[in-house]
file entry.cif (mmCIF, C-alpha atoms and all ligand atoms)
data_my_file
#
loop_
_atom_site.label_atom_id
_atom_site.label_comp_id
_atom_site.auth_asym_id
_atom_site.auth_seq_id
_atom_site.Cartn_x
_atom_site.Cartn_y
_atom_site.Cartn_z
CA MET A 27 0.00 0.00 0.00
CA THR A 28 1.29 3.44 -0.90
CA LYS A 29 1.67 6.38 1.48
CA LYS A 30 -1.25 8.01 -0.33
CA ASN A 31 -3.44 5.00 0.47
CA ARG A 32 -2.47 5.21 4.13
CA THR A 33 -3.43 8.88 4.25
CA GLU A 34 -6.73 8.09 2.58
CA LEU A 35 -7.44 5.33 5.13
CA ALA A 36 -6.66 7.67 8.05
CA THR A 37 -9.18 10.18 6.74
CA LEU A 38 -11.77 7.59 5.71
CA PHE A 39 -11.90 6.08 9.20
CA ALA A 40 -11.59 9.31 11.19
CA GLN A 41 -14.41 10.93 9.24
CA ALA A 42 -16.40 7.68 8.92
CA ASN A 43 -17.84 9.37 5.82
CA GLY A 44 -21.53 9.97 6.09
CA ALA A 45 -21.58 9.63 9.85
CA ILE A 46 -23.41 12.93 10.27
CA ASP A 47 -26.96 12.95 11.56
CA PRO A 48 -28.81 14.81 8.76
CA GLN A 49 -31.63 15.86 11.12
CA THR A 50 -29.53 17.58 13.76
CA GLY A 51 -26.07 17.94 12.23
CA GLY A 52 -24.70 15.80 15.06
CA VAL A 53 -21.18 14.63 14.22
CA VAL A 54 -21.98 11.06 15.12
CA PRO A 55 -24.92 9.09 13.75
CA PRO A 56 -27.91 8.39 16.01
CA ILE A 57 -28.90 4.84 16.96
CA GLN A 58 -32.16 3.92 15.24
CA SER A 59 -33.68 1.26 17.44
CA ALA A 60 -36.94 0.75 15.48
CA THR A 61 -37.35 -2.64 13.85
CA THR A 62 -40.20 -1.48 11.60
CA PHE A 63 -41.11 1.72 9.72
CA VAL A 64 -44.54 3.23 9.01
CA ARG A 65 -46.35 3.87 5.73
CA ASP A 66 -48.61 6.85 5.01
CA GLU A 67 -52.41 6.90 4.38
CA SER A 68 -51.94 5.81 0.77
CA TYR A 69 -49.71 2.97 1.99
CA ALA A 70 -46.56 4.53 0.51
CA LEU A 71 -43.37 4.19 2.53
CA VAL A 72 -42.58 7.32 4.56
CA SER A 73 -38.92 6.66 3.80
CA PRO A 74 -38.30 4.58 0.65
CA ASP A 75 -35.18 2.95 2.15
CA HIS A 76 -36.85 1.83 5.36
CA ILE A 77 -39.28 -1.06 5.61
CA TYR A 78 -37.93 -3.48 8.22
CA ALA A 79 -34.73 -3.48 10.25
CA ARG A 80 -33.48 -6.87 9.11
CA ASP A 81 -33.03 -5.37 5.64
CA ASP A 82 -32.73 -1.63 6.28
CA ASN A 83 -30.26 -0.57 8.93
CA ASP A 84 -28.44 2.67 8.15
CA LEU A 85 -25.67 2.04 10.68
CA VAL A 86 -24.96 -1.38 9.21
CA ARG A 87 -24.89 0.14 5.73
CA LEU A 88 -22.49 2.85 6.90
CA GLY A 89 -20.12 0.34 8.50
CA GLU A 90 -20.21 -1.81 5.35
CA ASP A 91 -19.49 1.15 3.14
CA ILE A 92 -16.44 2.28 5.13
CA LEU A 93 -14.95 -1.21 5.37
CA ALA A 94 -15.61 -2.07 1.70
CA ARG A 95 -13.83 1.13 0.67
CA ALA A 96 -10.91 0.38 2.99
CA GLU A 97 -10.58 -3.07 1.41
CA HIS A 98 -10.89 -1.68 -2.15
CA GLY A 99 -13.91 -3.94 -2.59
CA GLU A 100 -16.92 -3.44 -4.82
CA ASP A 101 -19.27 -4.31 -1.96
CA GLY A 102 -19.22 -5.40 1.68
CA LEU A 103 -21.48 -7.09 4.21
CA LEU A 104 -21.43 -7.08 8.01
CA PHE A 105 -22.39 -10.16 10.01
CA PRO A 106 -23.14 -10.67 13.71
CA SER A 107 -19.81 -12.50 14.21
CA GLY A 108 -16.71 -13.49 12.29
CA MET A 109 -17.90 -17.10 12.25
CA ALA A 110 -21.20 -16.02 10.66
CA ALA A 111 -19.12 -14.46 7.85
CA VAL A 112 -17.05 -17.66 7.48
CA ALA A 113 -20.21 -19.76 7.31
CA ALA A 114 -21.82 -17.39 4.78
CA VAL A 115 -18.99 -18.06 2.32
CA MET A 116 -18.79 -21.80 2.94
CA ARG A 117 -22.55 -22.22 2.45
CA THR A 118 -22.14 -21.17 -1.19
CA VAL A 119 -20.32 -24.46 -1.87
CA PRO A 120 -22.76 -27.00 -3.34
CA ASN A 121 -23.27 -30.46 -1.87
CA GLY A 122 -20.52 -32.70 -3.19
CA GLY A 123 -18.22 -29.72 -3.87
CA ARG A 124 -14.60 -29.26 -2.81
CA ILE A 125 -12.93 -26.83 -0.39
CA VAL A 126 -9.18 -26.39 -0.02
CA MET A 127 -8.35 -24.88 3.35
CA GLN A 128 -5.12 -23.83 4.98
CA SER A 129 -4.13 -26.09 7.87
CA GLY A 130 -3.29 -24.69 11.32
CA ILE A 131 -5.56 -21.64 11.15
CA TYR A 132 -8.13 -20.26 13.60
CA TRP A 133 -9.48 -23.40 15.23
CA GLY A 134 -13.14 -22.30 15.21
CA ALA A 135 -13.11 -21.94 11.40
CA THR A 136 -11.42 -25.33 10.95
CA LYS A 137 -13.80 -27.13 13.30
CA TRP A 138 -16.95 -25.62 11.79
CA THR A 139 -15.80 -26.27 8.22
CA ARG A 140 -14.86 -29.90 8.94
CA GLU A 141 -18.29 -30.62 10.39
CA PHE A 142 -20.08 -28.68 7.64
CA CYS A 143 -18.23 -30.64 4.94
CA VAL A 144 -19.21 -33.98 6.49
CA ARG A 145 -22.88 -32.90 6.63
CA ARG A 146 -22.86 -31.75 3.00
CA ALA A 147 -20.62 -34.46 1.46
CA ILE A 148 -18.09 -31.79 0.50
CA GLU A 149 -14.48 -32.87 0.07
CA LEU A 150 -12.21 -30.89 2.40
CA VAL A 151 -8.48 -30.76 1.70
CA GLU A 152 -6.37 -29.19 4.46
CA VAL A 153 -2.92 -28.11 3.34
CA ASP A 154 -0.09 -25.85 4.53
CA CYS A 155 -0.62 -22.94 2.13
CA ALA A 156 2.54 -21.20 3.37
CA ASP A 157 4.20 -23.54 0.89
CA PRO A 158 2.76 -22.61 -2.56
CA ASP A 159 4.10 -25.89 -3.99
CA ALA A 160 2.02 -27.84 -1.46
CA LEU A 161 -1.07 -25.86 -2.45
CA ARG A 162 -0.33 -26.36 -6.15
CA ALA A 163 0.15 -30.09 -5.58
CA VAL A 164 -3.47 -30.40 -4.37
CA GLY A 165 -4.55 -30.14 -8.03
CA GLY A 166 -7.99 -30.77 -9.48
CA SER A 167 -10.84 -28.33 -9.31
CA ALA A 168 -12.31 -26.70 -6.22
CA ASP A 169 -15.01 -24.24 -5.23
CA ILE A 170 -13.08 -22.30 -2.60
CA VAL A 171 -9.47 -21.91 -1.52
CA TRP A 172 -9.42 -20.49 2.03
CA ILE A 173 -6.29 -18.91 3.49
CA GLU A 174 -5.58 -16.92 6.64
CA THR A 175 -2.62 -14.55 6.74
CA PRO A 176 -0.93 -13.93 9.12
CA SER A 177 -2.38 -17.10 10.63
CA ASN A 178 -3.63 -17.57 14.16
CA PRO A 179 -1.82 -18.81 16.29
CA TYR A 180 1.26 -19.75 14.19
CA LEU A 181 1.65 -16.40 12.40
CA LYS A 182 2.39 -18.05 9.07
CA THR A 183 2.42 -15.74 6.09
CA ILE A 184 0.65 -16.92 2.95
CA ASP A 185 1.50 -15.43 -0.44
CA ILE A 186 -1.89 -14.05 -1.51
CA ALA A 187 -0.98 -13.42 -5.16
CA ALA A 188 0.53 -16.90 -5.60
CA SER A 189 -2.51 -18.48 -3.90
CA ALA A 190 -4.85 -16.47 -6.17
CA ASP A 191 -3.06 -17.81 -9.26
CA ILE A 192 -3.33 -21.39 -8.01
CA ALA A 193 -6.99 -20.94 -7.01
CA ASN A 194 -7.61 -19.63 -10.51
CA THR A 195 -6.22 -22.78 -12.10
CA MET A 196 -8.62 -24.79 -9.89
CA GLY A 197 -11.58 -22.63 -10.89
CA ALA A 198 -11.90 -21.66 -7.22
CA ALA A 199 -12.56 -18.35 -5.45
CA LEU A 200 -9.70 -17.35 -3.15
CA VAL A 201 -10.95 -16.19 0.26
CA VAL A 202 -8.53 -14.49 2.67
CA ASP A 203 -9.19 -14.27 6.40
CA SER A 204 -7.29 -11.03 6.97
CA THR A 205 -8.31 -10.55 10.62
CA ALA A 206 -4.74 -10.35 11.96
CA ALA A 207 -3.63 -8.03 9.14
CA THR A 208 -6.60 -5.60 9.42
CA PRO A 209 -7.70 -3.44 6.45
CA ILE A 210 -4.96 -0.99 7.44
CA LEU A 211 -1.96 -3.24 6.76
CA SER A 212 -3.13 -5.34 3.83
CA GLN A 213 -5.72 -5.30 1.05
CA PRO A 214 -5.99 -8.91 -0.20
CA LEU A 215 -8.37 -8.00 -3.05
CA ASP A 216 -5.55 -5.97 -4.61
CA HIS A 217 -3.48 -9.18 -4.71
CA GLY A 218 -6.09 -11.22 -6.55
CA ALA A 219 -8.38 -12.55 -3.79
CA GLU A 220 -12.07 -12.84 -4.63
CA PHE A 221 -13.22 -12.23 -1.04
CA VAL A 222 -11.65 -10.85 2.12
CA MET A 223 -13.05 -11.79 5.51
CA HIS A 224 -12.56 -10.27 8.97
CA SER A 225 -13.54 -11.10 12.47
CA ALA A 226 -14.40 -7.44 13.14
CA THR A 227 -14.67 -8.50 16.79
CA LYS A 228 -10.88 -8.04 16.82
CA ALA A 229 -8.93 -4.93 15.77
CA ILE A 230 -11.65 -3.37 13.60
CA ASN A 231 -13.81 -2.83 16.67
CA GLY A 232 -10.76 -2.82 18.90
CA HIS A 233 -12.42 -2.51 22.31
CA SER A 234 -13.39 -6.12 23.11
CA ASP A 235 -17.06 -5.19 23.38
CA VAL A 236 -18.68 -6.14 20.03
CA LEU A 237 -18.96 -9.40 18.11
CA ALA A 238 -18.90 -8.74 14.35
CA GLY A 239 -17.84 -10.22 11.04
CA PHE A 240 -17.22 -8.65 7.65
CA LEU A 241 -16.88 -9.77 4.04
CA ALA A 242 -15.83 -7.67 1.04
CA CYS A 243 -15.79 -8.85 -2.57
CA ALA A 244 -13.84 -8.01 -5.72
CA ASP A 245 -16.87 -8.45 -7.99
CA ALA A 246 -20.29 -7.49 -6.65
CA GLY A 247 -21.98 -9.06 -9.69
CA SER A 248 -20.50 -12.54 -9.23
CA PRO A 249 -23.05 -15.33 -8.60
CA ARG A 250 -21.26 -16.32 -5.39
CA TRP A 251 -21.46 -12.79 -3.93
CA GLN A 252 -25.10 -12.50 -4.98
CA ALA A 253 -25.81 -15.81 -3.22
CA ILE A 254 -24.12 -14.52 -0.04
CA CYS A 255 -26.18 -11.29 -0.15
CA THR A 256 -29.43 -13.18 -0.69
CA ASP A 257 -28.67 -15.63 2.10
CA ARG A 258 -27.81 -12.92 4.61
CA HIS A 259 -30.97 -11.03 3.67
CA ASP A 260 -33.30 -14.01 3.70
CA ALA A 261 -31.75 -16.08 6.49
CA GLY A 262 -31.30 -12.97 8.63
CA ALA A 263 -27.75 -13.23 10.01
CA VAL A 264 -27.64 -9.47 10.68
CA MET A 265 -26.12 -7.14 13.27
CA GLY A 266 -28.19 -5.04 15.62
CA SER A 267 -28.08 -1.22 15.60
CA PHE A 268 -26.25 -0.81 18.88
CA GLU A 269 -23.49 -3.22 17.81
CA ALA A 270 -23.14 -1.41 14.47
CA TRP A 271 -22.94 1.94 16.27
CA LEU A 272 -20.24 0.66 18.63
CA LEU A 273 -18.35 -0.86 15.71
CA ILE A 274 -18.33 2.43 13.79
CA ARG A 275 -17.27 4.28 16.92
CA GLY A 276 -14.38 1.85 17.41
CA MET A 277 -13.37 1.91 13.75
CA ARG A 278 -12.77 5.65 13.74
CA THR A 279 -9.47 5.13 15.56
CA LEU A 280 -8.49 1.94 13.69
CA PRO A 281 -5.50 3.36 11.75
CA LEU A 282 -3.99 4.92 14.89
CA ARG A 283 -4.46 1.81 16.99
CA VAL A 284 -3.07 -0.53 14.36
CA GLU A 285 -0.01 1.65 13.81
CA ARG A 286 0.75 1.76 17.54
CA MET A 287 -0.01 -1.90 18.22
CA SER A 288 2.09 -3.11 15.28
CA ALA A 289 5.09 -0.99 16.32
CA THR A 290 4.85 -2.29 19.89
CA ALA A 291 4.39 -5.89 18.71
CA LEU A 292 7.59 -5.63 16.67
CA ALA A 293 9.48 -4.28 19.70
CA VAL A 294 8.10 -7.10 21.88
CA ALA A 295 8.99 -9.72 19.25
CA ASP A 296 12.53 -8.29 19.06
CA TYR A 297 12.84 -8.40 22.84
CA LEU A 298 11.58 -11.98 23.12
CA SER A 299 13.76 -13.24 20.28
CA CYS A 300 16.89 -12.26 22.29
CA HIS A 301 15.66 -13.73 25.60
CA ASP A 302 17.36 -16.86 26.97
CA ALA A 303 14.09 -18.30 28.30
CA VAL A 304 12.46 -18.17 24.87
CA GLU A 305 12.79 -21.01 22.36
CA THR A 306 11.11 -19.41 19.31
CA VAL A 307 9.20 -16.26 18.37
CA LEU A 308 6.59 -16.45 15.63
CA TYR A 309 6.07 -13.02 14.07
CA PRO A 310 6.28 -12.03 10.38
CA GLY A 311 7.87 -8.68 11.25
CA LEU A 312 11.11 -10.36 12.32
CA PRO A 313 13.60 -10.49 9.42
CA ALA A 314 14.45 -14.10 10.34
CA ASP A 315 10.80 -15.20 10.09
CA PRO A 316 10.26 -17.56 7.11
CA GLY A 317 7.34 -15.43 5.90
CA HIS A 318 9.05 -12.05 6.31
CA ALA A 319 9.83 -11.35 2.64
CA VAL A 320 6.29 -12.17 1.48
CA ALA A 321 4.75 -10.29 4.41
CA ALA A 322 6.87 -7.23 3.61
CA ARG A 323 5.56 -7.37 0.04
CA GLN A 324 1.87 -7.73 0.82
CA MET A 325 1.64 -5.78 4.09
CA SER A 326 2.45 -2.14 4.59
CA GLY A 327 2.81 -0.04 7.73
CA GLY A 328 3.47 -2.95 10.09
CA PHE A 329 2.91 -6.65 10.66
CA GLY A 330 0.02 -6.60 13.12
CA SER A 331 -0.52 -6.99 16.85
CA LEU A 332 -0.58 -10.79 17.10
CA LEU A 333 2.50 -12.86 17.93
CA SER A 334 3.30 -16.18 19.56
CA PHE A 335 6.36 -17.48 21.36
CA GLN A 336 7.49 -20.78 22.76
CA VAL A 337 9.00 -20.90 26.22
CA ASN A 338 11.97 -23.09 27.08
CA GLY A 339 10.99 -25.71 29.66
CA GLY A 340 7.68 -26.91 28.21
CA ARG A 341 4.17 -26.68 29.62
CA GLN A 342 5.07 -25.91 33.24
CA ALA A 343 7.39 -23.06 32.29
CA ALA A 344 4.76 -21.59 29.95
CA LEU A 345 2.06 -21.78 32.62
CA LYS A 346 4.36 -20.21 35.24
CA CYS A 347 5.12 -17.38 32.82
CA VAL A 348 1.46 -16.75 32.01
CA GLY A 349 0.48 -16.95 35.68
CA ALA A 350 3.06 -14.32 36.65
CA MET A 351 1.88 -11.71 34.15
CA GLN A 352 0.35 -8.59 35.64
CA LEU A 353 -0.45 -6.36 32.66
CA PHE A 354 -1.29 -8.96 30.03
CA LYS A 355 -4.79 -10.24 30.77
CA ARG A 356 -5.17 -14.04 30.58
CA ALA A 357 -7.97 -14.23 28.01
CA THR A 358 -8.67 -15.42 24.50
CA SER A 359 -9.25 -13.08 21.49
CA LEU A 360 -7.04 -10.40 19.96
CA GLY A 361 -6.93 -6.91 18.49
CA GLY A 362 -8.26 -4.98 21.51
CA VAL A 363 -6.67 -1.96 23.17
CA GLU A 364 -5.69 -4.12 26.16
CA SER A 365 -2.91 -6.70 25.81
CA LEU A 366 -3.92 -10.34 26.19
CA VAL A 367 -2.05 -13.60 26.64
CA GLU A 368 -3.35 -17.04 25.85
CA HIS A 369 -2.04 -20.53 26.59
CA ARG A 370 -3.62 -21.80 23.41
CA HIS A 371 -3.03 -25.50 24.16
CA THR A 372 -5.61 -25.27 26.97
CA ILE A 373 -8.29 -24.67 24.29
CA GLU A 374 -6.75 -26.40 21.29
CA ASP A 375 -4.73 -29.48 22.17
CA THR A 376 -2.76 -29.72 18.91
CA VAL A 377 -0.94 -26.45 19.73
CA PRO A 378 2.43 -26.98 21.46
CA GLU A 379 2.14 -26.88 25.25
CA ASN A 380 4.89 -24.27 25.58
CA LEU A 381 3.30 -21.80 23.13
CA LEU A 382 1.93 -18.49 24.40
CA ARG A 383 0.01 -16.19 22.09
CA LEU A 384 0.12 -12.46 22.71
CA SER A 385 -2.25 -9.81 21.46
CA ILE A 386 -0.50 -6.49 21.86
CA GLY A 387 -2.62 -3.51 22.89
CA ILE A 388 -1.91 0.20 23.13
CA GLU A 389 -0.25 0.28 26.57
CA ALA A 390 3.25 1.76 26.94
CA ARG A 391 5.76 -0.50 25.21
CA ASP A 392 8.22 -0.46 28.11
CA ASP A 393 5.52 -1.51 30.59
CA LEU A 394 4.62 -4.52 28.45
CA ILE A 395 8.25 -5.54 28.04
CA SER A 396 8.85 -5.18 31.82
CA ASP A 397 5.83 -7.41 32.46
CA LEU A 398 7.25 -10.05 30.11
CA ARG A 399 10.76 -9.75 31.63
CA GLU A 400 9.39 -10.30 35.13
CA ALA A 401 7.09 -13.16 34.02
CA LEU A 402 9.88 -14.93 32.12
CA SER A 403 12.11 -14.78 35.22
CA HIS A 404 9.62 -17.22 36.83
CA THR A 405 10.21 -19.89 34.21
CA CYS A 406 13.63 -21.08 35.38
C1 LIG B 501 -8.50 -15.33 12.49
C2 LIG B 501 -9.91 -15.46 13.01
N1 LIG B 501 -10.90 -15.63 12.13
C3 LIG B 501 -12.19 -15.74 12.55
C4 LIG B 501 -12.51 -15.70 13.89
C5 LIG B 501 -13.95 -15.85 14.32
O1 LIG B 501 -14.47 -14.59 14.66
P1 LIG B 501 -15.62 -14.35 15.75
O2 LIG B 501 -15.07 -14.72 17.09
O3 LIG B 501 -15.91 -12.89 15.60
O4 LIG B 501 -16.79 -15.19 15.37
C6 LIG B 501 -11.50 -15.51 14.84
C7 LIG B 501 -11.82 -15.48 16.29
O5 LIG B 501 -10.93 -15.57 17.13
C8 LIG B 501 -10.16 -15.39 14.38
O6 LIG B 501 -9.14 -15.23 15.23
#

call {"tool": "encode", "arguments": {"input": "entry.cif", "output": "structure tokens"}}
result
Amino acid sequence: MTKKNRTELATLFAQANGAIDPQTGGVVPPIQSATTFVRDESYALVSPDHIYARDDNDLVRLGEDILARAEHGEDGLLFPSGMAAVAAVMRTVPNGGRIVMQSGIYWGATKWTREFCVRRAIELVEVDCADPDALRAVGGSADIVWIETPSNPYLKTIDIAASADIANTMGAALVVDSTAATPILSQPLDHGAEFVMHSATKAINGHSDVLAGFLACADAGSPRWQAICTDRHDAGAVMGSFEAWLLIRGMRTLPLRVERMSATALAVADYLSCHDAVETVLYPGLPADPGHAVAARQMSGGFGSLLSFQVNGGRQAALKCVGAMQLFKRATSLGGVESLVEHRHTIEDTVPENLLRLSIGIEARDDLISDLREALSHTC
């Protein structure tokens, strides 16, 4: 992304274009809580764009417009959670179809997709897409190729352009879960993806108080996008007004937060990679990271707020470290203003027992590093 793009994003989010209340001139939009809208004596709509809240929510439309523009998409849709957005894409695959999915990604997406594919007799191929040759070797045709970059919790970087080329040869739509990259650091549609997906619960909202999902598309006229729009409309997986209002409020500071969190995450990753008690640091911002060159090409302005590290001494050492942390809150999720730490193995037993995942917030960098220094001193 160019410097000009970054400037445009800063202004787009700060102004949240259109977020003026036309009735009062208020500089933030009001929350419309009505679920239904009246007609006049001749049964004409009082407002042509307002019939029923499942279809007509101005705050949802505003949030979709801002995020679609940030992603350089032709259109965008908000969902009541990231998983609802994942499911909306997967449901476009016909019974008996084929999905190629990156292995070792967000566990919730993997689990749901595995079960969905069994129910619908869809062939699911899980492959390490960080290796384009492995993805190419899958061969055959497919409906969807699903990648997540950087991935959660292993922070693998996937080459979006290379994956798009391969998906193309399979006749598949490339979908990128770009949650950890945010629309500030990467625009997957510019690299050939058909759809970009976000758990907007994370950095887009940024305050750990809204569940939300988002999809943007490269081609609003494509049958798959039209099917997603129809399904959301008819099946009703929509956000409420208050959530949309909170999301827009959070988004207005997105560029600032992402810039700060990414810079701090890089400093933390640097610190950890020189620490004797640390076995490995997984973060694409580190020059030694296997995905660094690709990440530097397809991300701009930073490498995100998510990182993982493995503690020397196995499970006990990792749990002692996590238990001694004072500033990092022991909780799942990522992308909020407060820093979090997660012993991922406790939730997902295939993750190494000595791996700790950090979500870096906006606290002072030195305070976070001091907390880690102190906590790591408890491991030996
Ligand atoms: C990378 C990624 N994608 C999708 C999701 C699912 O999002 P949500 O929790 O908003 O349903 C998560 C949640 O942690 C995630 O980390």

call {"tool": "residues_near_ligand", "arguments": {"input": "entry.cif", "ligand": "ligand LIG 501 (chain B)", "cutoff": "7 Å", "atoms": "only C-alpha atoms and all ligand atoms", "output": "PDB file with C-alpha atoms, in the frame of the given file"}}
result
ATOM      1  CA  SER A 107     -19.810 -12.500  14.210  1.00  0.00           C
ATOM      2  CA  GLY A 108     -16.710 -13.490  12.290  1.00  0.00           C
ATOM      3  CA  MET A 109     -17.900 -17.100  12.250  1.00  0.00           C
ATOM      4  CA  ALA A 110     -21.200 -16.020  10.660  1.00  0.00           C
ATOM      5  CA  TYR A 132      -8.130 -20.260  13.600  1.00  0.00           C
ATOM      6  CA  GLY A 134     -13.140 -22.300  15.210  1.00  0.00           C
ATOM      7  CA  ALA A 135     -13.110 -21.940  11.400  1.00  0.00           C
ATOM      8  CA  GLU A 174      -5.580 -16.920   6.640  1.00  0.00           C
ATOM      9  CA  SER A 177      -2.380 -17.100  10.630  1.00  0.00           C
ATOM     10  CA  ASN A 178      -3.630 -17.570  14.160  1.00  0.00           C
ATOM     11  CA  ASP A 203      -9.190 -14.270   6.400  1.00  0.00           C
ATOM     12  CA  THR A 205      -8.310 -10.550  10.620  1.00  0.00           C
ATOM     13  CA  ALA A 206      -4.740 -10.350  11.960  1.00  0.00           C
ATOM     14  CA  HIS A 224     -12.560 -10.270   8.970  1.00  0.00           C
ATOM     15  CA  SER A 225     -13.540 -11.100  12.470  1.00  0.00           C
ATOM     16  CA  ALA A 226     -14.400  -7.440  13.140  1.00  0.00           C
ATOM     17  CA  THR A 227     -14.670  -8.500  16.790  1.00  0.00           C
ATOM     18  CA  LEU A 237     -18.960  -9.400  18.110  1.00  0.00           C
ATOM     19  CA  ALA A 238     -18.900  -8.740  14.350  1.00  0.00           C
ATOM     20  CA  GLY A 239     -17.840 -10.220  11.040  1.00  0.00           C
ATOM     21  CA  SER A 359      -9.250 -13.080  21.490  1.00  0.00           C
TER      22      SER A 359
END

call {"tool": "closest_atom_pairs", "arguments": {"input": "entry.cif", "of": "stretch 81-108 of chain A", "to": "stretch 59-65 of chain A", "cutoff": "12 Å", "atoms": "only C-alpha atoms", "output": "CSV"}}
result
residue,atom,partner,partner_atom,distance
A:Asp81,CA,A:Thr61,CA,9.7
A:Asp82,CA,A:Thr61,CA,8.9
A:Asn83,CA,A:Thr61,CA,8.9
A:Asp84,CA,A:Ser59,CA,10.8
A:Leu85,CA,A:Ser59,CA,10.5

call {"tool": "atom_distance", "arguments": {"input": "entry.cif", "atom1": "atom CA of A:Val72", "atom2": "atom CA of A:Thr50"}}
result
19.0 Å

call {"tool": "closest_residue", "arguments": {"input": "entry.cif", "among": "A:Ala293, A:Leu282, A:Ile373, A:Leu161", "to": "A:Pro179", "atoms": "all atoms listed in the file"}}
result
A:Ile373

call {"tool": "closest_residue", "arguments": {"input": "entry.cif", "among": "A:Thr279, A:Asn380, A:Ser288, A:Gln352", "to": "A:Phe39", "atoms": "all atoms listed in the file"}}
result
A:Thr279

call {"tool": "residues_around", "arguments": {"input": "entry.cif", "residues": "A:Ala198", "least_positions_apart": "5", "cutoff": "10 Å", "atoms": "all atoms listed in the file", "output": "NGL selection string"}}
result
:A and (124-126 or 167-172 or 190-193 or 220)

call {"tool": "closest_residue", "arguments": {"input": "entry.cif", "among": "A:Glu34, A:Glu389, A:Asp159, A:Asp185", "to": "A:Ala321", "atoms": "all atoms listed in the file"}}
result
A:Asp185

call {"tool": "closest_residue", "arguments": {"input": "entry.cif", "among": "A:Thr37, A:Ser299, A:Gln128, A:Ser212", "to": "A:Gly328", "atoms": "only C-alpha atoms"}}
result
A:Ser212

call {"tool": "residues_near_point", "arguments": {"input": "entry.cif", "point": "(-12.9, 9.5, 6.8)", "cutoff": "12 Å", "atoms": "all atoms listed in the file", "output": "PyMOL selection string"}}
result
chain A and resi 32-46+88-89+91-93+95-96+274+277-281

call {"tool": "atom_distance", "arguments": {"input": "entry.cif", "atom1": "atom CA of A:Tyr69", "atom2": "atom CA of A:Ala263"}}
result
28.4 Å

call {"tool": "residues_around", "arguments": {"input": "entry.cif", "residues": "A:Ala343", "least_positions_apart": "2", "cutoff": "12 Å", "atoms": "all atoms listed in the file", "output": "list of chain:residue names"}}
result
A:Ala303, A:Val304, A:Glu305, A:Gln336, A:Val337, A:Asn338, A:Gly339, A:Gly340, A:Arg341, A:Leu345, A:Lys346, A:Cys347, A:Val348, A:Gly349, A:Ala350, A:His369, A:Glu379, A:Asn380, A:Leu381, A:Leu382, A:Ala401, A:Leu402, A:Ser403, A:His404, A:Thr405, A:Cys406

call {"tool": "residues_around", "arguments": {"input": "entry.cif", "residues": "A:Arg117", "least_positions_apart": "6", "cutoff": "10 Å", "atoms": "all atoms listed in the file", "output": "PyMOL selection string"}}
result
chain A and resi 139+142-143+146+250+253-254+257

call {"tool": "write_last_selection", "arguments": {"input": "entry.cif", "atoms": "C-alpha atoms", "output": "compact mmCIF listing (two decimals), keeping the file's coordinate frame"}}
result
# COMPACT_ATOMS: atom_id res chain seq x y z
CA THR A 139 -15.80 -26.27 8.22
CA PHE A 142 -20.08 -28.68 7.64
CA CYS A 143 -18.23 -30.64 4.94
CA ARG A 146 -22.86 -31.75 3.00
CA ARG A 250 -21.26 -16.32 -5.39
CA ALA A 253 -25.81 -15.81 -3.22
CA ILE A 254 -24.12 -14.52 -0.04
CA ASP A 257 -28.67 -15.63 2.10

call {"tool": "atom_distance", "arguments": {"input": "entry.cif", "atom1": "atom CA of A:Ser385", "atom2": "atom CA of A:Ala357"}}
result
9.8 Å

call {"tool": "closest_residue", "arguments": {"input": "entry.cif", "among": "A:Ile57, A:Asn31, A:His259, A:Met351", "to": "A:Arg275", "atoms": "all atoms listed in the file"}}
result
A:Ile57

call {"tool": "closest_residue", "arguments": {"input": "entry.cif", "among": "A:Arg391, A:Asn194, A:Leu103, A:Ala246", "to": "A:Ala289", "atoms": "only C-alpha atoms"}}
result
A:Arg391

call {"tool": "residues_around", "arguments": {"input": "entry.cif", "residues": "A:Thr208", "least_positions_apart": "5", "cutoff": "8 Å", "atoms": "all atoms listed in the file", "output": "PyMOL selection string"}}
result
chain A and resi 224+229-230+284+330

call {"tool": "residues_near_point", "arguments": {"input": "entry.cif", "point": "(12.1, -11.6, 21.9)", "cutoff": "12 Å", "atoms": "all atoms listed in the file", "output": "ChimeraX atom specification"}}
result
/A:290-309,311-312,333-337,395,398-399,402

call {"tool": "residues_around", "arguments": {"input": "entry.cif", "residues": "A:Ala242", "least_positions_apart": "2", "cutoff": "8 Å", "atoms": "all atoms listed in the file", "output": "list in words"}}
result
Leu93, Ala94, Glu97, Gly99, Glu100, Asp101, Gly102, Leu103, Phe221, Val222, Met223, Phe240 and Ala244 of chain A

call {"tool": "build_atoms", "arguments": {"input": "entry.cif", "residues": "stretch 359-363 of chain A", "atoms": "N, CA and C atoms", "output": "short mmCIF file (atom, residue, chain, number, x, y, z; two decimals), in the coordinates of the input"}}
result
data_model
loop_
_atom_site.label_atom_id
_atom_site.label_comp_id
_atom_site.auth_asym_id
_atom_site.auth_seq_id
_atom_site.Cartn_x
_atom_site.Cartn_y
_atom_site.Cartn_z
N SER A 359 -8.95 -14.19 22.40
CA SER A 359 -9.25 -13.08 21.49
C SER A 359 -8.00 -12.22 21.25
N LEU A 360 -8.17 -11.22 20.40
CA LEU A 360 -7.04 -10.40 19.96
C LEU A 360 -7.55 -9.09 19.38
N GLY A 361 -6.62 -8.15 19.21
CA GLY A 361 -6.93 -6.91 18.49
C GLY A 361 -7.54 -5.80 19.34
N GLY A 362 -7.69 -6.03 20.66
CA GLY A 362 -8.26 -4.98 21.51
C GLY A 362 -7.19 -4.04 22.03
N VAL A 363 -7.62 -2.95 22.65
CA VAL A 363 -6.67 -1.96 23.17
C VAL A 363 -5.87 -2.50 24.35
#
